[in-house]
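Undergrad: Input: one structure, supplied below.
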Amino acid sequence: MRSRGHAQEPTVEPILELRGALKRYGPGAAVGPIDLAVPAGRTLALIGPSGAGKSTVLRLMLGLLLPDQGEVRLAGTRLDPDDDALRRRYGYVVQGGGLFPHLTAGRNAMLVARHLRWDRRRMAARLEELSALARLPADVWGRVPAELSSGQAQRVSLVRALFLDPDLLLLDEPLGALDPITRAELQDDLRAAFQELHKTVVIVTHDLAEAAFFADELVLLRDGRIAQAGALEDLVRAPAEPFVSRFVRAQRGLHLPDGA
Amino acid sequence: MSAGFLGAALLLALGAEPGPAAPVRMGSKAFVESEVLGELGRELIASEGIAVEHRRALGGTRVLWEALARGDLDAYPDYTGTIAREILGGASSSALEALRAALAPRGIGITGSLGFEDTYALGMRPGVARRLGIRTLSDLARHPELRFGFTNEFLDRADGWPALRERYALPQREVRGLDHDLAYRALAAGQIDVTDLYSTDAEIRRQGLVVLEDDRHAFPEYQAVFLYRLELARRWPAAVAALRRLEGRIAAADMIDLNARAQIDRQPIEEVAASFLRRRLGVAAAARGEGLGARLWVRTREHLELVVSALALALAAAIPLGIWAARRPAAGQWVLSVVGVVQTVPSLALLVFMIPLLGIGTGPAVAALALYALLPIVRNTHAGLTGIAPELLESARSLGLSPWARLGRVELPLASPAILAGIKTAAVIAVGTATLGALIGAGGYGQPILTGIRLASVPLILEGAVPAAAMALLVQGLFDALERVLVPRGMRRGAKRPG
């Protein structure tokens, strides 16, 4: 399913496109084939139950996995797993943060910039800018990951992902293991950041309410395929299959749009 | 951090330059008489003002001869019968002129007889010999129940046990291989009945042993001589002239006396040799009367040189091997197996294997120790790299770091605690194993241990063993300190990963 079903939005050139992308996991088990276009500047949420293939689709988008069939294109260019420069156009927040334990938070955030030999002043300026965006106090940068709270670790991971000002930001379950208060705070801050950045964002979550909170468009996956793509109200009002209704109803406490 | 890590490895490598070698190198075999003769030679050459070192107690005839032939040694004492049978492979005559003619084409010269013969003989405790009425070697054939304990060299040598058994048709089957000095003790304790002796052994006199008559002349003549490289006679004619001053000067009784002073009275071999030269040749030999401190200092330097060079070599090979093994799982299993097999070779055997390849001295000892140090470093590098959490590897890839940058900035630092632990293990093992280096002339703490075993001198053994143990502890402490400096703060023990 392509996203052109959205009548109220003008058609936007997709920045990221999956065309019949399929990844096999042994006989009979596969994710895909998936056709999906991510329009530039929009926020898209990949949702679905555990094992539906959310993380696999995200890795295909990133080029960390190569599809066995079909292709993935970033701004029209086919992904090459050895093209490190292309990969720097993505910012990726790994599930659990993926911070390197041997580096301080600051070194984690500036790792690639240092590798690319940015000058010190430029790095300091960028760090300050992103600290404000991620609502991080300046004193976290000297700490190692073991000394950060889990909410702080996620924010540092976000800063690291954004450091080179990528075109695309991808987040894999960024709020998965947080307590409710930290989670709510970070949800607000993340949404504010997405709106401020005007970047293309793909966020993976298994929580429909969270997905609807962040994203213009939801892509619901089931058994490695797209069950339905569209706005939350599309999923509620016109479920493409019984599974969609079951998934929607299973999310307790969800504020459904009128008429549901 | 990886930079600090490599820096430390580099420092180790730079610190490992061998000291300058003396121009003339004297060797000796691993028994007291050979050491005394070697020391006599060294002191005489030194009295000519020529810098000379004595690599003591290197091993058996094969080791010494090969070292001489290769040029690792310039001279060493040997015996005419041994030269004829063992070295020249049964050349018909053991007469001096015949030997000189046979050795010259090989670039080796031979002095005249030093004045005594040290032939092989078999000895028994007097009580047993008297009870059984044994006086000659022929008499042994009547007593197949006798237990024989021979030195390993005697068992193998063409002119030793094989020749004896054939000549006298000896029926004994219970024949054990022993170290020479242990054989005397086994004889005294009644664990064996017959052993091989050298006719100038101090123990004959001390234990009152019965030396059996070689009534069918199985053993050839064993005149003591020096073998030297003819090239030495060109470079340092005075050195060869100094050795020749001993020709005809040592009678059998003198040699037994010298052996007794060293072996029974426990006088240092340097002093035994120096006092003989003063009394008989009027040479004011400088018995390097080094104090314990000076000896310890020299051996500590030698030992450290072995350990540090071996570790530096091992590091240079093992870390890349470990990285390669982690990157290529199929090849990795192969690498780990091969390195593991090297580890199963007994260290003593590994050292001996090095002799035909690299000769004797520090070089081959370092090579053997380095091979030994490979396994812990390769294995820990491999384990450290393959044990990194997959999400961290994915994180590094997704950031767009090149493979080399990922290795240097992420993977090696994350593996550094494991790698450092491997290096620590290798270093401690190397300190212990390096004591065996003395067997092939590499010096170090093994030197007094070896001499101590030969002389049954516990103080001498401790003089090597205690500092070796202390060095192992120090190395352990050094690496614990290094761990605190090199392992990144977030990775130290007790630091937990963020939840």
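Residue numbering restarts at 1 for every chain of the structure tokens, chains are lettered A, B, ... in their displayed order, and ligands are numbered from 1 as they appear.
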Could you tell me which residues of chain A sit within 6 Å of chain B when counting only C-alpha atoms, and give me the result as a PyMOL selection string?
TA: chain A and resi 84+87-88+98+101-102+144-146
Undergrad: Keeping only C-alpha atoms, write the selected residues as a CSV table (one decimal), in the first residue's frame.
TA:
chain,number,residue,atom,x,y,z
A,84,ASP,CA,29.3,4.7,4.6
A,87,ARG,CA,24.5,5.9,5.7
A,88,ARG,CA,25.4,9.3,7.3
A,98,GLY,CA,23.1,1.7,21.7
A,101,PRO,CA,30.0,2.2,27.2
A,102,HIS,CA,33.6,3.1,26.8
A,144,VAL,CA,29.8,7.6,30.7
A,145,PRO,CA,26.6,5.7,29.8
A,146,ALA,CA,26.7,3.7,33.0
Undergrad: I need the residues of segment 62-117 of chain A that end up classed as helix (DSSP H, G or I) by DSSP on the backbone, written out as a PyMOL selection string.
TA: chain A and resi 62+84-87+105-115
Undergrad: Which residues, written as JSON, numbers by chain, have at least one atom at most 9 Å from segment 136-152 of chain B, with only C-alpha atoms counted and residues fewer than 4 positions away on the same chain left out?
TA: {"B": [122, 132, 156, 157, 161, 164, 168, 169, 170, 171, 172, 173, 174, 175, 176, 177, 178, 179, 180, 181, 182, 183, 186, 187, 191, 192, 193, 194, 195, 196, 197, 211, 212, 213, 214, 215, 216]}
Undergrad: Write out as a ChimeraX atom specification the residues lying within 8 Å of segment 167-179 of chain A, counting only C-alpha atoms and excluding same-chain residues fewer than 4 positions away.
TA: /A:55,58,89-97,150-151,154,161-162,183,186-187,199-206 /B:499
Undergrad: Excluding same-chain residues fewer than 2 positions from segment 214-217 of chain A, what lies within 9 Å of it counting only C-alpha atoms, as a list of chain:residue names?
TA: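 Listed by chain and then number, they are A:Ser3, A:His6, A:Arg42, A:Thr43, A:Leu44, A:Ala45, A:Leu46, A:Gln187, A:Leu190, A:Arg191, A:Phe194, A:Val201, A:Val202, A:Ile203, A:Ala209, A:Glu210, A:Ala211, A:Ala212, A:Val219, A:Ala229, A:Gly230, A:Ala231, A:Leu232.
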Undergrad: Give the strand (DSSP E or B) residues of segment 23-251 of chain B, as DSSP finds them on the backbone, and put them as number ranges by chain.
TA: B: 24-27, 52-55, 75-79, 108-110, 117, 120-124, 136, 148-151, 175-178, 194-198, 210-211, 213, 223-229
Undergrad: Might you pull out every residue within 12 Å of Val36 of chain B, with only C-alpha atoms counted and same-chain residues fewer than 3 positions away left off, and present them as a PyMOL selection string?
TA: chain B and resi 26-33+39-43+54-57+76-77+250+254-263+267-277
Undergrad: Do a neighbour search on Leu357 of chain B at 12 Å with only C-alpha atoms, toss out local chain neighbours closer than 6 positions, and write the hits as a list in words.
TA: Val63, Glu66, Ala67, Arg70, Leu350, Leu351, Gly363, Pro364, Ala365, Ala367 and Ala368 of chain B
Undergrad: Just write the chosen residues, N, CA and C atoms, as a short mmCIF file (atom, residue, chain, number, x, y, z; two decimals), in the first residue's frame.
TA:
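Final file, part-v2.cif:
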data_model
loop_
_atom_site.label_atom_id
_atom_site.label_comp_id
_atom_site.auth_asym_id
_atom_site.auth_seq_id
_atom_site.Cartn_x
_atom_site.Cartn_y
_atom_site.Cartn_z
N VAL B 63 73.81 -30.22 20.57
CA VAL B 63 73.51 -28.79 20.70
C VAL B 63 74.80 -27.99 20.56
N GLU B 66 76.34 -28.25 16.94
CA GLU B 66 75.60 -27.45 15.96
C GLU B 66 75.82 -25.97 16.18
N ALA B 67 75.87 -25.56 17.44
CA ALA B 67 76.11 -24.15 17.73
C ALA B 67 77.49 -23.73 17.25
N ARG B 70 77.44 -23.61 13.38
CA ARG B 70 76.70 -22.45 12.88
C ARG B 70 77.39 -21.14 13.16
N LEU B 350 59.72 -27.35 22.61
CA LEU B 350 59.64 -26.21 21.71
C LEU B 350 60.99 -25.49 21.64
N LEU B 351 61.63 -25.36 22.80
CA LEU B 351 62.95 -24.72 22.84
C LEU B 351 63.95 -25.52 22.02
N GLY B 363 67.89 -15.35 20.79
CA GLY B 363 66.96 -15.34 19.66
C GLY B 363 65.98 -16.50 19.67
N PRO B 364 66.50 -17.74 19.64
CA PRO B 364 65.56 -18.87 19.63
C PRO B 364 64.71 -18.95 20.89
N ALA B 365 65.28 -18.56 22.03
CA ALA B 365 64.48 -18.60 23.26
C ALA B 365 63.31 -17.63 23.15
N ALA B 367 61.91 -16.60 20.40
CA ALA B 367 60.96 -17.12 19.41
C ALA B 367 60.05 -18.17 20.06
N ALA B 368 60.65 -19.07 20.83
CA ALA B 368 59.84 -20.12 21.47
C ALA B 368 58.86 -19.51 22.48
#
